[in-house]
$ cat my_file.pdb   # PDB, C-alpha atoms, pLDDT in the B column
MODEL        1
ATOM      1  CA  MET O   1     127.400-256.877 -88.756  1.00 46.00           C
ATOM      2  CA  ALA O   2     126.519-255.448 -92.179  1.00 47.00           C
ATOM      3  CA  ARG O   3     122.983-255.914 -93.449  1.00 48.00           C
ATOM      4  CA  PRO O   4     122.569-257.770 -96.742  1.00 46.00           C
ATOM      5  CA  ARG O   5     121.520-255.637 -99.673  1.00 51.00           C
ATOM      6  CA  SER O   6     117.818-255.857-100.355  1.00 61.00           C
ATOM      7  CA  PHE O   7     117.674-254.469-103.886  1.00 64.00           C
ATOM      8  CA  ASP O   8     118.389-255.798-107.352  1.00 80.00           C
ATOM      9  CA  GLU O   9     121.820-254.304-108.087  1.00 85.00           C
ATOM     10  CA  ASP O  10     121.730-255.114-111.805  1.00 87.00           C
ATOM     11  CA  ARG O  11     118.316-253.498-112.258  1.00 90.00           C
ATOM     12  CA  VAL O  12     119.368-250.413-110.302  1.00 89.00           C
ATOM     13  CA  LEU O  13     122.631-250.115-112.265  1.00 92.00           C
ATOM     14  CA  HIS O  14     120.733-250.289-115.559  1.00 94.00           C
ATOM     15  CA  GLU O  15     118.241-247.659-114.413  1.00 95.00           C
ATOM     16  CA  LEU O  16     121.034-245.376-113.228  1.00 96.00           C
ATOM     17  CA  ARG O  17     122.916-245.939-116.475  1.00 96.00           C
ATOM     18  CA  ASP O  18     119.796-244.942-118.400  1.00 97.00           C
ATOM     19  CA  ARG O  19     119.650-241.665-116.465  1.00 97.00           C
ATOM     20  CA  PHE O  20     123.307-240.906-117.234  1.00 97.00           C
ATOM     21  CA  TRP O  21     122.686-241.916-120.859  1.00 97.00           C
ATOM     22  CA  ASP O  22     119.595-239.765-121.342  1.00 95.00           C
ATOM     23  CA  ALA O  23     120.615-236.694-119.343  1.00 96.00           C
ATOM     24  CA  GLY O  24     124.408-236.886-119.427  1.00 97.00           C
ATOM     25  CA  TYR O  25     126.776-237.020-116.498  1.00 97.00           C
ATOM     26  CA  SER O  26     126.722-233.325-115.636  1.00 97.00           C
ATOM     27  CA  ALA O  27     122.931-233.026-115.696  1.00 97.00           C
ATOM     28  CA  THR O  28     122.441-236.072-113.455  1.00 97.00           C
ATOM     29  CA  SER O  29     122.207-235.004-109.837  1.00 96.00           C
ATOM     30  CA  LEU O  30     122.677-236.981-106.657  1.00 94.00           C
ATOM     31  CA  GLN O  31     118.946-236.460-106.044  1.00 95.00           C
ATOM     32  CA  ASP O  32     118.214-238.072-109.443  1.00 95.00           C
ATOM     33  CA  LEU O  33     120.361-241.061-108.516  1.00 94.00           C
ATOM     34  CA  MET O  34     118.681-241.412-105.125  1.00 93.00           C
ATOM     35  CA  ARG O  35     115.187-241.116-106.635  1.00 95.00           C
ATOM     36  CA  ILE O  36     115.868-243.636-109.405  1.00 93.00           C
ATOM     37  CA  SER O  37     117.619-246.155-107.186  1.00 90.00           C
ATOM     38  CA  GLY O  38     115.259-245.762-104.247  1.00 91.00           C
ATOM     39  CA  LEU O  39     118.342-245.598-102.028  1.00 89.00           C
ATOM     40  CA  GLY O  40     119.350-242.949 -99.549  1.00 90.00           C
ATOM     41  CA  LYS O  41     122.626-241.110 -99.974  1.00 91.00           C
ATOM     42  CA  GLY O  42     124.506-243.327 -97.503  1.00 90.00           C
ATOM     43  CA  SER O  43     123.179-246.563 -99.018  1.00 87.00           C
ATOM     44  CA  LEU O  44     123.886-245.367-102.542  1.00 87.00           C
ATOM     45  CA  TYR O  45     127.472-244.460-101.670  1.00 87.00           C
ATOM     46  CA  ALA O  46     127.952-247.676 -99.694  1.00 87.00           C
ATOM     47  CA  ALA O  47     126.748-249.738-102.646  1.00 86.00           C
ATOM     48  CA  TYR O  48     128.388-247.860-105.512  1.00 87.00           C
ATOM     49  CA  GLY O  49     130.751-245.182-104.225  1.00 88.00           C
ATOM     50  CA  ASP O  50     130.527-241.546-105.274  1.00 93.00           C
ATOM     51  CA  LYS O  51     128.766-240.280-108.410  1.00 95.00           C
ATOM     52  CA  HIS O  52     131.861-240.616-110.578  1.00 96.00           C
ATOM     53  CA  SER O  53     132.588-244.167-109.395  1.00 95.00           C
ATOM     54  CA  LEU O  54     128.959-245.093-110.011  1.00 95.00           C
ATOM     55  CA  PHE O  55     129.116-243.562-113.474  1.00 97.00           C
ATOM     56  CA  LEU O  56     132.282-245.517-114.329  1.00 97.00           C
ATOM     57  CA  ARG O  57     130.641-248.716-113.123  1.00 95.00           C
ATOM     58  CA  THR O  58     127.598-248.130-115.351  1.00 96.00           C
ATOM     59  CA  LEU O  59     129.898-247.324-118.273  1.00 97.00           C
ATOM     60  CA  ARG O  60     131.954-250.499-117.751  1.00 97.00           C
ATOM     61  CA  THR O  61     128.793-252.597-117.534  1.00 96.00           C
ATOM     62  CA  TYR O  62     127.514-251.005-120.750  1.00 97.00           C
ATOM     63  CA  VAL O  63     130.818-251.685-122.521  1.00 97.00           C
ATOM     64  CA  THR O  64     130.890-255.315-121.355  1.00 97.00           C
ATOM     65  CA  GLU O  65     127.320-255.880-122.546  1.00 96.00           C
ATOM     66  CA  GLY O  66     128.057-254.055-125.792  1.00 96.00           C
ATOM     67  CA  ASN O  67     131.095-256.209-126.493  1.00 97.00           C
ATOM     68  CA  GLU O  68     129.032-259.339-125.861  1.00 98.00           C
ATOM     69  CA  GLY O  69     126.447-258.016-128.316  1.00 97.00           C
ATOM     70  CA  LEU O  70     129.128-257.152-130.869  1.00 98.00           C
ATOM     71  CA  ARG O  71     130.650-260.610-130.529  1.00 98.00           C
ATOM     72  CA  ALA O  72     127.213-262.197-131.054  1.00 98.00           C
ATOM     73  CA  THR O  73     126.588-260.033-134.136  1.00 97.00           C
ATOM     74  CA  LEU O  74     129.989-260.891-135.594  1.00 98.00           C
ATOM     75  CA  GLU O  75     129.247-264.599-135.127  1.00 97.00           C
ATOM     76  CA  SER O  76     125.627-264.404-136.307  1.00 96.00           C
ATOM     77  CA  GLU O  77     126.089-264.899-140.048  1.00 97.00           C
ATOM     78  CA  PRO O  78     127.462-267.816-142.036  1.00 97.00           C
ATOM     79  CA  ARG O  79     129.771-265.431-143.926  1.00 97.00           C
ATOM     80  CA  ALA O  80     131.904-262.942-142.024  1.00 98.00           C
ATOM     81  CA  VAL O  81     131.372-260.162-144.567  1.00 98.00           C
ATOM     82  CA  ASP O  82     127.614-260.303-143.892  1.00 97.00           C
ATOM     83  CA  ALA O  83     128.264-259.984-140.157  1.00 98.00           C
ATOM     84  CA  LEU O  84     130.455-256.930-140.819  1.00 98.00           C
ATOM     85  CA  ARG O  85     127.607-255.450-142.851  1.00 97.00           C
ATOM     86  CA  LYS O  86     125.262-255.981-139.881  1.00 97.00           C
ATOM     87  CA  VAL O  87     127.692-254.083-137.659  1.00 97.00           C
ATOM     88  CA  LEU O  88     127.661-251.103-140.029  1.00 96.00           C
ATOM     89  CA  LEU O  89     123.860-251.139-140.114  1.00 96.00           C
ATOM     90  CA  SER O  90     123.397-251.688-136.362  1.00 95.00           C
ATOM     91  CA  PRO O  91     122.933-248.000-135.443  1.00 95.00           C
ATOM     92  CA  VAL O  92     119.871-247.806-137.709  1.00 96.00           C
ATOM     93  CA  ASN O  93     117.040-248.401-135.254  1.00 93.00           C
ATOM     94  CA  PRO O  94     114.083-246.519-133.748  1.00 92.00           C
ATOM     95  CA  GLY O  95     116.212-245.427-130.772  1.00 90.00           C
ATOM     96  CA  ALA O  96     118.958-243.961-132.964  1.00 93.00           C
ATOM     97  CA  GLU O  97     118.527-240.429-131.622  1.00 94.00           C
ATOM     98  CA  ARG O  98     119.577-241.687-128.180  1.00 94.00           C
ATOM     99  CA  GLY O  99     123.014-242.514-129.522  1.00 93.00           C
ATOM    100  CA  CYS O 100     125.499-244.730-127.735  1.00 95.00           C
ATOM    101  CA  PHE O 101     126.171-244.343-124.023  1.00 97.00           C
ATOM    102  CA  LEU O 102     129.912-244.845-124.580  1.00 97.00           C
ATOM    103  CA  ALA O 103     130.114-242.333-127.427  1.00 95.00           C
ATOM    104  CA  ASN O 104     127.924-239.780-125.623  1.00 96.00           C
ATOM    105  CA  SER O 105     129.974-240.121-122.441  1.00 97.00           C
ATOM    106  CA  THR O 106     133.254-239.884-124.322  1.00 96.00           C
ATOM    107  CA  CYS O 107     132.137-236.653-125.995  1.00 95.00           C
ATOM    108  CA  GLU O 108     130.981-235.174-122.698  1.00 96.00           C
ATOM    109  CA  LEU O 109     133.781-236.247-120.363  1.00 97.00           C
ATOM    110  CA  ALA O 110     136.936-237.522-122.062  1.00 95.00           C
ATOM    111  CA  THR O 111     138.683-234.154-122.219  1.00 96.00           C
ATOM    112  CA  GLN O 112     138.142-233.553-118.488  1.00 96.00           C
ATOM    113  CA  HIS O 113     138.443-237.065-117.052  1.00 97.00           C
ATOM    114  CA  ALA O 114     141.443-239.199-117.958  1.00 97.00           C
ATOM    115  CA  ASP O 115     139.742-242.295-116.525  1.00 97.00           C
ATOM    116  CA  VAL O 116     136.770-241.889-118.897  1.00 97.00           C
ATOM    117  CA  ARG O 117     139.164-241.347-121.819  1.00 97.00           C
ATOM    118  CA  ALA O 118     141.071-244.499-120.831  1.00 97.00           C
ATOM    119  CA  GLU O 119     137.844-246.515-120.556  1.00 97.00           C
ATOM    120  CA  ALA O 120     136.766-245.299-123.990  1.00 97.00           C
ATOM    121  CA  ARG O 121     140.128-246.081-125.598  1.00 97.00           C
ATOM    122  CA  GLN O 122     140.108-249.576-124.115  1.00 98.00           C
ATOM    123  CA  ALA O 123     136.504-250.123-125.214  1.00 97.00           C
ATOM    124  CA  TYR O 124     137.199-249.032-128.792  1.00 97.00           C
ATOM    125  CA  GLU O 125     140.372-251.119-128.878  1.00 98.00           C
ATOM    126  CA  THR O 126     138.424-254.189-127.771  1.00 98.00           C
ATOM    127  CA  MET O 127     135.795-253.511-130.442  1.00 98.00           C
ATOM    128  CA  THR O 128     138.576-253.137-132.997  1.00 98.00           C
ATOM    129  CA  GLU O 129     140.051-256.503-131.986  1.00 98.00           C
ATOM    130  CA  LEU O 130     136.670-258.227-132.307  1.00 98.00           C
ATOM    131  CA  ILE O 131     136.071-256.678-135.723  1.00 98.00           C
ATOM    132  CA  THR O 132     139.644-257.475-136.802  1.00 98.00           C
ATOM    133  CA  ALA O 133     139.024-261.183-136.187  1.00 98.00           C
ATOM    134  CA  CYS O 134     135.901-261.013-138.335  1.00 98.00           C
ATOM    135  CA  VAL O 135     137.745-259.125-141.087  1.00 98.00           C
ATOM    136  CA  ALA O 136     140.460-261.803-141.053  1.00 98.00           C
ATOM    137  CA  LYS O 137     137.768-264.470-141.385  1.00 98.00           C
ATOM    138  CA  ALA O 138     136.217-262.581-144.324  1.00 98.00           C
ATOM    139  CA  GLN O 139     139.691-262.493-145.903  1.00 98.00           C
ATOM    140  CA  GLN O 140     140.069-266.250-145.427  1.00 98.00           C
ATOM    141  CA  GLU O 141     136.635-266.739-146.996  1.00 97.00           C
ATOM    142  CA  GLY O 142     137.786-264.702-150.006  1.00 97.00           C
ATOM    143  CA  ASP O 143     135.300-261.865-149.514  1.00 97.00           C
ATOM    144  CA  LEU O 144     137.878-259.198-148.622  1.00 97.00           C
ATOM    145  CA  PRO O 145     141.337-258.651-150.134  1.00 96.00           C
ATOM    146  CA  ALA O 146     143.918-260.774-148.338  1.00 96.00           C
ATOM    147  CA  ASP O 147     146.627-258.117-148.746  1.00 96.00           C
ATOM    148  CA  GLN O 148     144.649-255.530-146.777  1.00 96.00           C
ATOM    149  CA  ASP O 149     145.711-254.900-143.150  1.00 98.00           C
ATOM    150  CA  ALA O 150     142.842-256.463-141.178  1.00 98.00           C
ATOM    151  CA  LYS O 151     143.252-254.229-138.122  1.00 98.00           C
ATOM    152  CA  GLU O 152     143.413-251.005-140.122  1.00 98.00           C
ATOM    153  CA  PHE O 153     140.323-252.046-142.075  1.00 98.00           C
ATOM    154  CA  ALA O 154     138.557-252.934-138.794  1.00 98.00           C
ATOM    155  CA  ARG O 155     139.319-249.430-137.489  1.00 98.00           C
ATOM    156  CA  SER O 156     137.878-247.943-140.670  1.00 97.00           C
ATOM    157  CA  LEU O 157     134.725-250.030-140.329  1.00 97.00           C
ATOM    158  CA  LEU O 158     134.365-249.001-136.684  1.00 97.00           C
ATOM    159  CA  ALA O 159     134.852-245.336-137.606  1.00 97.00           C
ATOM    160  CA  ALA O 160     132.182-245.666-140.317  1.00 97.00           C
ATOM    161  CA  GLN O 161     129.791-247.360-137.890  1.00 97.00           C
ATOM    162  CA  GLN O 162     130.396-244.673-135.268  1.00 96.00           C
ATOM    163  CA  GLY O 163     129.717-242.016-137.904  1.00 96.00           C
ATOM    164  CA  VAL O 164     126.348-243.606-138.672  1.00 96.00           C
ATOM    165  CA  LEU O 165     125.686-243.753-134.945  1.00 95.00           C
ATOM    166  CA  TYR O 166     126.502-240.058-134.585  1.00 94.00           C
ATOM    167  CA  MET O 167     124.255-239.132-137.510  1.00 95.00           C
ATOM    168  CA  GLY O 168     121.431-241.051-135.850  1.00 95.00           C
ATOM    169  CA  ARG O 169     121.975-238.954-132.721  1.00 93.00           C
ATOM    170  CA  THR O 170     121.115-235.851-134.751  1.00 94.00           C
ATOM    171  CA  GLY O 171     117.565-237.156-135.272  1.00 92.00           C
ATOM    172  CA  MET O 172     118.106-237.975-138.928  1.00 93.00           C
ATOM    173  CA  ASP O 173     115.131-239.723-140.507  1.00 93.00           C
ATOM    174  CA  LEU O 174     115.581-243.517-140.244  1.00 95.00           C
ATOM    175  CA  ASP O 175     115.121-244.084-143.976  1.00 96.00           C
ATOM    176  CA  MET O 176     117.867-241.563-144.735  1.00 96.00           C
ATOM    177  CA  LEU O 177     120.099-243.040-142.026  1.00 96.00           C
ATOM    178  CA  ARG O 178     119.521-246.535-143.439  1.00 97.00           C
ATOM    179  CA  SER O 179     120.403-245.246-146.913  1.00 97.00           C
ATOM    180  CA  VAL O 180     123.653-243.732-145.603  1.00 96.00           C
ATOM    181  CA  ALA O 181     124.562-246.936-143.750  1.00 97.00           C
ATOM    182  CA  ASN O 182     123.776-249.115-146.776  1.00 96.00           C
ATOM    183  CA  ASP O 183     125.825-246.859-149.033  1.00 96.00           C
ATOM    184  CA  LEU O 184     128.785-247.124-146.664  1.00 96.00           C
ATOM    185  CA  ALA O 185     128.396-250.886-146.479  1.00 96.00           C
ATOM    186  CA  ASP O 186     128.215-251.144-150.280  1.00 96.00           C
ATOM    187  CA  ARG O 187     131.372-249.062-150.669  1.00 95.00           C
ATOM    188  CA  LEU O 188     133.359-250.896-148.001  1.00 95.00           C
ATOM    189  CA  LEU O 189     132.066-254.463-148.187  1.00 95.00           C
ATOM    190  CA  PRO O 190     131.246-256.593-151.224  1.00 84.00           C
ATOM    191  CA  ARG O 191     127.878-258.344-151.441  1.00 80.00           C
TER
ENDMDL
END
$ encode --input "my_file.pdb" --output "structure tokens"
Amino acid sequence: MARPRSFDEDRVLHELRDRFWDAGYSATSLQDLMRISGLGKGSLYAAYGDKHSLFLRTLRTYVTEGNEGLRATLESEPRAVDALRKVLLSPVNPGAERGCFLANSTCELATQHADVRAEARQAYETMTELITACVAKAQQEGDLPADQDAKEFARSLLAAQQGVLYMGRTGMDLDMLRSVANDLADRLLPR
């Protein structure tokens, strides 16, 4: 008879995700994962599978939480165009140099691991769909041109936001990063 798990799986997954996020996949060792989780090798593998399976699980959890956060941001403002502006400005925060776990992981692993590339493509497609719905709402509200392809514009907004995110990863001063993000928002979205 299997023993019940006596650890907080969500907490452990978040702590393991943070290790992958901060160090990267390649620089995270099995010993790191065991130390952080407090689990032995057998228990860690029984709970989460091998290192790659564990990594994918942390990435999927991050993406799910990120999409929930994106959805909340897109629904947070009375006018859709203001919510889109918030999305463009979202990478401007004191933790900007940490970047995005999805983007960091995609850069590190997508060329070598088709499953990571597929996860990233699906994640960005879901983000695009969420942003597309908000763009369409902004068009209905008269804040964006109705003749513009909503999905193509959503992809452009996501690319701009990811660019700001990447610039934050370089350690750019927050005031300069905010200025860049505001300039992008002013060029792409009316006030």
$ closest_atom_pairs --input "my_file.pdb" --of "segment 137-173 of chain O" --to "segment 75-89 of chain O" --cutoff "8 Å" --atoms "only C-alpha atoms" --output "tab-separated table"
residue	atom	partner	partner_atom	distance
O:Lys137	CA	O:Ala80	CA	6.1
O:Ala138	CA	O:Ala80	CA	4.9
O:Glu141	CA	O:Arg79	CA	7.6
O:Asp143	CA	O:Val81	CA	6.5
O:Leu144	CA	O:Val81	CA	7.7
O:Leu157	CA	O:Leu88	CA	7.2
O:Leu158	CA	O:Leu88	CA	7.8
O:Ala160	CA	O:Leu88	CA	7.1
O:Gln161	CA	O:Leu88	CA	4.8
O:Val164	CA	O:Leu88	CA	7.7
$ resolve_selection --input "my_file.pdb" --expression "the PyMOL selection byres ((chain O and resi 22) around 12)" --output "JSON, numbers by chain"
{"O": [15, 16, 17, 18, 19, 20, 21, 23, 24, 25, 26, 27, 28, 95, 97, 98, 99, 100, 101, 102, 104, 105, 169]}
$ closest_residue --input "my_file.pdb" --among "O:Asn182, O:Ser53, O:Ser29, O:Gln139" --to "Ala154 of chain O" --atoms "all atoms listed in the file"
O:Gln139
$ atom_distance --input "my_file.pdb" --atom1 "atom CA of Leu130 of chain O" --atom2 "atom CA of Phe153 of chain O"
12.1 Å
$ resolve_selection --input "my_file.pdb" --expression "the PyMOL selection byres ((chain O and resi 54) around 12)" --output "PyMOL selection string"
chain O and resi 9+12-17+19-20+25+28+30+33-34+37+44-53+55-61
$ atom_distance --input "my_file.pdb" --atom1 "atom CA of Val116 of chain O" --atom2 "atom CA of Cys134 of chain O"
27.3 Å
$ atom_distance --input "my_file.pdb" --atom1 "atom CA of Gly66 of chain O" --atom2 "atom CA of Ala120 of chain O"
12.5 Å
$ closest_residue --input "my_file.pdb" --among "O:Met176, O:Leu165, O:Ala150, O:Ile131" --to "Ala72 of chain O" --atoms "only C-alpha atoms"
O:Ile131
$ closest_residue --input "my_file.pdb" --among "O:Pro145, O:Met167, O:Asp115, O:Arg121" --to "Val180 of chain O" --atoms "all atoms listed in the file"
O:Met167
$ resolve_selection --input "my_file.pdb" --expression "the PyMOL selection byres ((chain O and resi 152) around 12)" --output "ChimeraX atom specification"
/O:125,128-129,131-133,135-136,147-151,153-159
$ write_last_selection --input "my_file.pdb" --atoms "C-alpha atoms" --output "CSV table (one decimal), in the frame of the given file"
chain,number,residue,atom,x,y,z
O,125,GLU,CA,140.4,-251.1,-128.9
O,128,THR,CA,138.6,-253.1,-133.0
O,129,GLU,CA,140.1,-256.5,-132.0
O,131,ILE,CA,136.1,-256.7,-135.7
O,132,THR,CA,139.6,-257.5,-136.8
O,133,ALA,CA,139.0,-261.2,-136.2
O,135,VAL,CA,137.7,-259.1,-141.1
O,136,ALA,CA,140.5,-261.8,-141.1
O,147,ASP,CA,146.6,-258.1,-148.7
O,148,GLN,CA,144.6,-255.5,-146.8
O,149,ASP,CA,145.7,-254.9,-143.2
O,150,ALA,CA,142.8,-256.5,-141.2
O,151,LYS,CA,143.3,-254.2,-138.1
O,153,PHE,CA,140.3,-252.0,-142.1
O,154,ALA,CA,138.6,-252.9,-138.8
O,155,ARG,CA,139.3,-249.4,-137.5
O,156,SER,CA,137.9,-247.9,-140.7
O,157,LEU,CA,134.7,-250.0,-140.3
O,158,LEU,CA,134.4,-249.0,-136.7
O,159,ALA,CA,134.9,-245.3,-137.6
$ closest_residue --input "my_file.pdb" --among "O:Asp8, O:Asp32, O:Leu74, O:Gly142" --to "Arg191 of chain O" --atoms "only C-alpha atoms"
O:Gly142
$ residues_around --input "my_file.pdb" --residues "Val92 of chain O" --least-positions-apart "3" --cutoff "7 Å" --atoms "all atoms listed in the file" --output "ChimeraX atom specification"
/O:89,96,174,177-178
$ decode --input "my_file.pdb" --residues "segment 169-191 of chain O" --atoms "N, CA and C atoms" --output "JSON list (two decimals), in the first residue's frame"
[["chain", "number", "residue", "atom", "x", "y", "z"],
["O", 169, "ARG", "N", 15.34, 42.14, -18.65],
["O", 169, "ARG", "CA", 16.25, 41.04, -18.31],
["O", 169, "ARG", "C", 17.70, 41.49, -18.39],
["O", 170, "THR", "N", 17.97, 42.50, -19.20],
["O", 170, "THR", "CA", 19.35, 43.00, -19.34],
["O", 170, "THR", "C", 19.79, 43.84, -18.15],
["O", 171, "GLY", "N", 18.87, 44.13, -17.22],
["O", 171, "GLY", "CA", 19.21, 44.97, -16.07],
["O", 171, "GLY", "C", 19.02, 46.44, -16.34],
["O", 172, "MET", "N", 18.32, 46.77, -17.40],
["O", 172, "MET", "CA", 18.06, 48.17, -17.73],
["O", 172, "MET", "C", 17.42, 48.88, -16.54],
["O", 173, "ASP", "N", 17.83, 50.09, -16.29],
["O", 173, "ASP", "CA", 17.27, 50.92, -15.23],
["O", 173, "ASP", "C", 15.74, 50.97, -15.38],
["O", 174, "LEU", "N", 15.02, 50.85, -14.27],
["O", 174, "LEU", "CA", 13.55, 50.80, -14.33],
["O", 174, "LEU", "C", 12.93, 52.05, -14.91],
["O", 175, "ASP", "N", 13.50, 53.21, -14.64],
["O", 175, "ASP", "CA", 12.95, 54.44, -15.23],
["O", 175, "ASP", "C", 13.08, 54.43, -16.75],
["O", 176, "MET", "N", 14.23, 53.95, -17.25],
["O", 176, "MET", "CA", 14.42, 53.87, -18.69],
["O", 176, "MET", "C", 13.49, 52.82, -19.28],
["O", 177, "LEU", "N", 13.35, 51.68, -18.60],
["O", 177, "LEU", "CA", 12.46, 50.63, -19.08],
["O", 177, "LEU", "C", 11.02, 51.12, -19.11],
["O", 178, "ARG", "N", 10.60, 51.85, -18.09],
["O", 178, "ARG", "CA", 9.26, 52.42, -18.05],
["O", 178, "ARG", "C", 9.06, 53.40, -19.21],
["O", 179, "SER", "N", 10.09, 54.20, -19.48],
["O", 179, "SER", "CA", 10.01, 55.16, -20.58],
["O", 179, "SER", "C", 9.83, 54.44, -21.92],
["O", 180, "VAL", "N", 10.59, 53.37, -22.12],
["O", 180, "VAL", "CA", 10.48, 52.57, -23.35],
["O", 180, "VAL", "C", 9.07, 51.98, -23.47],
["O", 181, "ALA", "N", 8.59, 51.39, -22.39],
["O", 181, "ALA", "CA", 7.26, 50.76, -22.39],
["O", 181, "ALA", "C", 6.16, 51.80, -22.64],
["O", 182, "ASN", "N", 6.28, 52.96, -22.01],
["O", 182, "ASN", "CA", 5.28, 54.02, -22.23],
["O", 182, "ASN", "C", 5.32, 54.54, -23.66],
["O", 183, "ASP", "N", 6.52, 54.67, -24.22],
["O", 183, "ASP", "CA", 6.64, 55.11, -25.60],
["O", 183, "ASP", "C", 5.98, 54.11, -26.54],
["O", 184, "LEU", "N", 6.22, 52.83, -26.33],
["O", 184, "LEU", "CA", 5.57, 51.80, -27.13],
["O", 184, "LEU", "C", 4.05, 51.88, -27.01],
["O", 185, "ALA", "N", 3.59, 52.00, -25.78],
["O", 185, "ALA", "CA", 2.15, 52.07, -25.54],
["O", 185, "ALA", "C", 1.56, 53.29, -26.23],
["O", 186, "ASP", "N", 2.25, 54.43, -26.16],
["O", 186, "ASP", "CA", 1.75, 55.65, -26.81],
["O", 186, "ASP", "C", 1.70, 55.51, -28.33],
["O", 187, "ARG", "N", 2.67, 54.79, -28.90],
["O", 187, "ARG", "CA", 2.69, 54.61, -30.34],
["O", 187, "ARG", "C", 1.65, 53.60, -30.83],
["O", 188, "LEU", "N", 1.37, 52.60, -30.00],
["O", 188, "LEU", "CA", 0.48, 51.53, -30.43],
["O", 188, "LEU", "C", -0.97, 51.71, -29.98],
["O", 189, "LEU", "N", -1.16, 52.39, -28.85],
["O", 189, "LEU", "CA", -2.50, 52.48, -28.27],
["O", 189, "LEU", "C", -2.85, 53.94, -27.96],
["O", 190, "PRO", "N", -4.02, 54.38, -28.40],
["O", 190, "PRO", "CA", -4.42, 55.75, -28.09],
["O", 190, "PRO", "C", -4.76, 55.91, -26.61],
["O", 191, "ARG", "N", -4.61, 57.11, -26.12],
["O", 191, "ARG", "CA", -5.02, 57.41, -24.72],
["O", 191, "ARG", "C", -6.45, 57.82, -24.71]]
